[in-house]
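Chemist: Below is one structure. I have some questions about it.
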Amino acid sequence: MKTIGLIGGMSWESTAEYYRLLNEFTRDRLGGLHSARCVLYSVDFAEIEQLQVQGRWVEAGEILAAAAQALEAAGADMLLICTNTMHKVADRVEAAVSIPLLHLADATAEAVRAAGLHRVGLLGTAFTMEQDFYRGRLEAGGLDVRVPDADGRAIVHHVIYQELCLGIVREESRAAYQKVITDLVAGGAEGIILGCTEIELLIGSDDSPVPVFPTARLHAAAAVHAALSGAQTDEPMTGDQASGLR
């Protein structure tokens, strides 16, 4: 198995989920006591969040690029940025290393297409929902992407930073998200992308009338598939594993 390098800590709540998922998918593929070969560089999210708010993306990109270089030096064969929003600096990270970066939006778009869907609603931070770096990548992957209205975007963003990143899961927030999802579906969304890795702590398939696409799970599944590609013990992923929807 190739070694997966994780740029995490944004927030550590979802990075912990990445670690669990990588190991579960590896165990499912190989059986027994097998676990994932991975190395983690966890940044201080408070520092990153301040740079996000201040629009200092170049500096944020430098921090993640240095993390990527450290992971490559530690033996990583591929990289994951364990957050949707910081894929805004994916190009900077990719340019800093010689190993491949598995882009989260690409894994997500592939899963949506595999499900036979085209028109999707996107939930995430305000940066992810409103800027082009992520939506544009999904659209380049053949998707028609819709986002909530201004009030819905504000609710989704607030819950991510003020609750989920702090490990707080509230039923009132789940209900608020369900209302946002219902509005997106009424507007024609055939599926919902949980485009922030923390949202999976709050929303599952039972909370939506249409399929949901949990990006952390999809990303981890794609990483394990890539890490085991060509290995003698490699077996095809099941439909649930490949889509991440189980």
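In the structure tokens, the first chain shown is A, the next is B, and so on; residue numbers restart at 1 for each chain, and ligands run from 1 in the order shown.
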Extract the full set of alpha helix (DSSP H) residues from range 5-219 of chain A according to DSSP on the backbone, and format it as a PyMOL selection string.

Modeler: chain A and resi 12-30+45-53+57-73+90-95+104-114+126-130+132-140+150-162+171-186+215-219

Chemist: Could you pull the residues within 6 Å of range 101-116 of chain A, counting only C-alpha atoms, minus those fewer than 2 positions along the same chain, as a PDB file with N, CA and C atoms, in the first residue's frame?

Modeler:
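And here's result-v8.pdb as it stands now:
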```pdb
ATOM      1  N   MET A  78       1.318  10.319  -1.913  1.00  0.00           N
ATOM      2  CA  MET A  78       0.229  11.134  -2.439  1.00  0.00           C
ATOM      3  C   MET A  78      -0.255  12.034  -1.319  1.00  0.00           C
ATOM      4  N   LEU A  79      -1.008  13.080  -1.693  1.00  0.00           N
ATOM      5  CA  LEU A  79      -1.458  14.057  -0.707  1.00  0.00           C
ATOM      6  C   LEU A  79      -2.968  14.225  -0.721  1.00  0.00           C
ATOM      7  N   LEU A  80      -3.515  14.467   0.474  1.00  0.00           N
ATOM      8  CA  LEU A  80      -4.892  14.907   0.624  1.00  0.00           C
ATOM      9  C   LEU A  80      -4.891  16.191   1.439  1.00  0.00           C
ATOM     10  N   LEU A 138     -16.074  21.669  -9.826  1.00  0.00           N
ATOM     11  CA  LEU A 138     -17.208  20.752  -9.959  1.00  0.00           C
ATOM     12  C   LEU A 138     -17.885  20.928 -11.315  1.00  0.00           C
ATOM     13  N   GLY A 141     -16.180  19.408 -13.994  1.00  0.00           N
ATOM     14  CA  GLY A 141     -16.396  17.966 -13.953  1.00  0.00           C
ATOM     15  C   GLY A 141     -17.766  17.556 -14.465  1.00  0.00           C
ATOM     16  N   HIS A 219     -13.498  11.346  -0.363  1.00  0.00           N
ATOM     17  CA  HIS A 219     -12.072  11.617  -0.501  1.00  0.00           C
ATOM     18  C   HIS A 219     -11.254  10.458   0.068  1.00  0.00           C
ATOM     19  N   SER A 243     -18.478   4.890  -3.884  1.00  0.00           N
ATOM     20  CA  SER A 243     -19.235   6.143  -3.822  1.00  0.00           C
ATOM     21  C   SER A 243     -19.088   6.816  -2.470  1.00  0.00           C
TER      22      SER A 243
END
```

Chemist: Kindly give the distance, in Å, that separates CA of Ala221 in chain A and CA of Asn23 in chain A, rounded to a single decimal.

Modeler: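 According to the coordinates, CA of Ala221 in chain A and CA of Asn23 in chain A are separated by 10.0 Å.
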
Chemist: Can you list, as a list in words, every protein, DNA or RNA residue that comes within 7 Å of range 14-17 of chain A when you count only C-alpha atoms, leaving out same-chain residues fewer than 4 positions away?

Modeler: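 Skipping anything fewer than 4 positions along the chain leaves Gly8, Gly9, Leu21, Cys82, Thr197 and Glu198 of chain A.
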
Chemist: Which residue out of A:Val145, A:Ile7, A:Asp207, A:Glu72 has the minimum interatomic distance to Ala90 in chain A when only C-alpha atoms are used?

Modeler: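 For Ala90 in chain A, the nearest of the given residues is A:Ile7.
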
Chemist: Restrict the calculation to only C-alpha atoms, then for each residue of range 126-159 of chain A with any atom at most 9 Å from an atom of range 165-177 of chain A give the closest atom pair and their distance in Å to one decimal, rows by chain and rising residue number, as JSON lines.

Modeler:
```
{"residue": "A:Gly152", "atom": "CA", "partner": "A:Tyr177", "partner_atom": "CA", "distance": 8.2}
{"residue": "A:Ile155", "atom": "CA", "partner": "A:Ala176", "partner_atom": "CA", "distance": 7.6}
{"residue": "A:Val156", "atom": "CA", "partner": "A:Tyr177", "partner_atom": "CA", "distance": 6.8}
{"residue": "A:Val159", "atom": "CA", "partner": "A:Ser173", "partner_atom": "CA", "distance": 6.9}
```

Chemist: Output N, CA, C and O atoms for every residue in that selection, as a CSV table (one decimal), in the first residue's frame.

Modeler:
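Generated file (selection-v9.csv):
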```csv
chain,number,residue,atom,x,y,z
A,152,GLY,N,-29.5,31.3,3.6
A,152,GLY,CA,-29.1,29.9,3.8
A,152,GLY,C,-27.6,29.8,3.9
A,152,GLY,O,-27.1,29.0,4.7
A,155,ILE,N,-26.4,30.8,7.3
A,155,ILE,CA,-26.7,29.8,8.4
A,155,ILE,C,-25.7,28.6,8.3
A,155,ILE,O,-25.1,28.2,9.3
A,156,VAL,N,-25.4,28.1,7.0
A,156,VAL,CA,-24.5,27.0,6.9
A,156,VAL,C,-23.1,27.4,7.3
A,156,VAL,O,-22.5,26.6,8.0
A,159,VAL,N,-22.8,27.8,11.3
A,159,VAL,CA,-22.8,26.5,12.0
A,159,VAL,C,-21.5,25.8,11.9
A,159,VAL,O,-21.0,25.2,12.8
```

Chemist: Taking only C-alpha atoms into account, which of A:Ile99, A:Glu13, A:Gly5, A:His87 comes nearest Leu201 in chain A?

Modeler: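 Nearest to Leu201 in chain A: A:Glu13.
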
Chemist: Which residues are near Glu130 in chain A? Cut-off 12 Å, only C-alpha atoms, ignore same chain within fewer than 3 positions. Put them as a PyMOL selection string.

Modeler: chain A and resi 85+88+122-127+133-136+145-150+152-154+157+195

Chemist: Between CA of Val97 in chain A and CA of Gln69 in chain A, what is the distance, to one decimal in Å?

Modeler: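 Those two atoms sit 5.9 Å apart.
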
Chemist: Distance table requested - range 65-171 of chain A against range 36-43 of chain A, cut-off 7 Å, only C-alpha atoms: one row per qualifying residue with the closest atom pair and its distance in Å to one decimal, ordered by chain and rising residue number, as a Markdown table.

Modeler:
```
| residue | atom | partner | partner_atom | distance |
| --- | --- | --- | --- | --- |
| A:Ala67 | CA | A:Tyr41 | CA | 6.1 |
| A:Leu71 | CA | A:Val39 | CA | 6.8 |
| A:Ala76 | CA | A:Val39 | CA | 6.8 |
```

Chemist: Please identify every residue of range 34-126 of chain A that has at least one atom no farther than 6 Å from an atom of range 185-193 of chain A, counting only C-alpha atoms, and for each give the shortest atom pair and the distance in Å to one decimal, arranged by chain then increasing number, as a Markdown table.

Modeler:
```
| residue | atom | partner | partner_atom | distance |
| --- | --- | --- | --- | --- |
| A:Arg119 | CA | A:Ala189 | CA | 5.3 |
| A:Val120 | CA | A:Ala189 | CA | 4.7 |
| A:Gly121 | CA | A:Ile192 | CA | 4.7 |
| A:Leu122 | CA | A:Ile193 | CA | 4.9 |
```

Chemist: Using only C-alpha atoms, find the one residue out of A:Tyr18, A:Pro214, A:Ala65, A:Tyr161 that sits nearest to Gln50 in chain A.

Modeler: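 Counting only C-alpha atoms, the residue closest to Gln50 in chain A is A:Tyr161.
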
Chemist: List every residue of range 10-219 of chain A that DSSP, applied to the backbone, labels as strand (DSSP E or B), and write the result as a PyMOL selection string.

Modeler: chain A and resi 38-42+78-81+101+119-123+144-146+191-194+212-214

Chemist: Could those selected residues go to a file with N, CA and C atoms, as a compact mmCIF listing (two decimals), in the first residue's frame?

Modeler:
```
# COMPACT_ATOMS: atom_id res chain seq x y z
N CYS A 38 -0.27 5.91 6.48
CA CYS A 38 -0.51 7.34 6.31
C CYS A 38 0.37 8.15 7.26
N VAL A 39 0.61 9.38 6.86
CA VAL A 39 1.31 10.34 7.72
C VAL A 39 0.47 11.61 7.75
N LEU A 40 0.44 12.27 8.91
CA LEU A 40 -0.42 13.44 9.11
C LEU A 40 0.41 14.65 9.53
N TYR A 41 0.15 15.77 8.85
CA TYR A 41 0.67 17.06 9.28
C TYR A 41 -0.55 17.89 9.66
N SER A 42 -0.69 18.17 10.95
CA SER A 42 -1.87 18.88 11.44
C SER A 42 -1.49 20.32 11.77
N MET A 78 1.32 10.32 -1.91
CA MET A 78 0.23 11.13 -2.44
C MET A 78 -0.26 12.03 -1.32
N LEU A 79 -1.01 13.08 -1.69
CA LEU A 79 -1.46 14.06 -0.71
C LEU A 79 -2.97 14.22 -0.72
N LEU A 80 -3.52 14.47 0.47
CA LEU A 80 -4.89 14.91 0.62
C LEU A 80 -4.89 16.19 1.44
N ILE A 81 -5.63 17.20 0.98
CA ILE A 81 -5.94 18.36 1.81
C ILE A 81 -7.27 18.05 2.45
N LEU A 101 -1.49 15.24 -5.86
CA LEU A 101 -2.53 15.69 -4.94
C LEU A 101 -3.86 15.14 -5.44
N ARG A 119 -27.45 17.73 -11.51
CA ARG A 119 -27.76 19.00 -10.86
C ARG A 119 -27.70 18.82 -9.34
N VAL A 120 -26.78 19.52 -8.69
CA VAL A 120 -26.56 19.30 -7.26
C VAL A 120 -26.57 20.61 -6.49
N GLY A 121 -26.97 20.52 -5.23
CA GLY A 121 -26.84 21.63 -4.30
C GLY A 121 -25.54 21.49 -3.54
N LEU A 122 -24.90 22.61 -3.26
CA LEU A 122 -23.61 22.62 -2.57
C LEU A 122 -23.72 23.35 -1.24
N LEU A 123 -23.40 22.64 -0.16
CA LEU A 123 -23.29 23.25 1.16
C LEU A 123 -21.82 23.31 1.55
N ASP A 144 -23.95 20.66 -12.68
CA ASP A 144 -24.68 21.92 -12.57
C ASP A 144 -24.83 22.17 -11.07
N VAL A 145 -24.15 23.20 -10.57
CA VAL A 145 -24.05 23.40 -9.12
C VAL A 145 -24.92 24.57 -8.67
N ARG A 146 -25.75 24.33 -7.68
CA ARG A 146 -26.60 25.37 -7.08
C ARG A 146 -26.16 25.57 -5.62
N GLY A 191 -29.26 16.09 -5.91
CA GLY A 191 -28.42 15.57 -4.84
C GLY A 191 -27.79 16.74 -4.10
N ILE A 192 -27.22 16.46 -2.93
CA ILE A 192 -26.62 17.51 -2.09
C ILE A 192 -25.18 17.14 -1.78
N ILE A 193 -24.27 18.02 -2.16
CA ILE A 193 -22.86 17.83 -1.80
C ILE A 193 -22.60 18.46 -0.44
N LEU A 194 -22.15 17.65 0.51
CA LEU A 194 -21.76 18.16 1.83
C LEU A 194 -20.33 18.67 1.68
N VAL A 212 -27.14 12.37 -0.61
CA VAL A 212 -26.10 13.29 -0.15
C VAL A 212 -24.74 12.70 -0.51
N PHE A 213 -23.79 13.59 -0.73
CA PHE A 213 -22.44 13.19 -1.11
C PHE A 213 -21.47 13.74 -0.07
N PRO A 214 -21.07 12.89 0.91
CA PRO A 214 -20.21 13.32 2.01
C PRO A 214 -18.75 13.37 1.56
```

Chemist: Nearest to Leu51 in chain A: which of A:Ile4, A:Ala96, A:Ile63, A:Asn84 is it, counting only C-alpha atoms?

Modeler: A:Ile63

Chemist: Excluding Glu24 in chain A and residues on its chain fewer than 2 positions from it, collect all residues at most 12 Å away from it, counting only C-alpha atoms, and give them as JSON, numbers by chain.

Modeler: {"A": [17, 18, 19, 20, 21, 22, 26, 27, 28, 29, 30, 31, 32, 33, 34, 35, 36, 217, 220, 221, 224, 241, 244]}

Chemist: Can you list, as a ChimeraX atom specification, every protein, DNA or RNA residue that comes within 7 Å of Met10 in chain A when you count only C-alpha atoms, leaving out same-chain residues fewer than 2 positions away?

Modeler: /A:8,12,45,83

Chemist: Write a file of the selected residues as a short mmCIF file (atom, residue, chain, number, x, y, z; two decimals), in the first residue's frame, keeping N, CA, C and O atoms.

Modeler:
```cif
data_model
loop_
_atom_site.label_atom_id
_atom_site.label_comp_id
_atom_site.auth_asym_id
_atom_site.auth_seq_id
_atom_site.Cartn_x
_atom_site.Cartn_y
_atom_site.Cartn_z
N GLY A 8 -3.95 18.13 7.59
CA GLY A 8 -5.16 18.16 8.40
C GLY A 8 -5.15 19.27 9.43
O GLY A 8 -4.36 20.20 9.39
N TRP A 12 -9.59 19.78 13.30
CA TRP A 12 -9.16 18.44 13.70
C TRP A 12 -10.36 17.52 13.87
O TRP A 12 -10.22 16.29 13.80
N PHE A 45 -5.51 25.46 13.24
CA PHE A 45 -6.61 26.02 12.47
C PHE A 45 -6.89 27.47 12.81
O PHE A 45 -7.35 28.25 11.96
N THR A 83 -9.79 19.25 3.82
CA THR A 83 -10.78 20.31 3.96
C THR A 83 -11.13 20.80 2.57
O THR A 83 -10.26 20.89 1.70
#
```

Chemist: Could you check how far CA of Met129 in chain A sits from CA of Leu143 in chain A, in Å to one decimal?

Modeler: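 Pair CA of Met129 in chain A / CA of Leu143 in chain A returns 14.3 Å.
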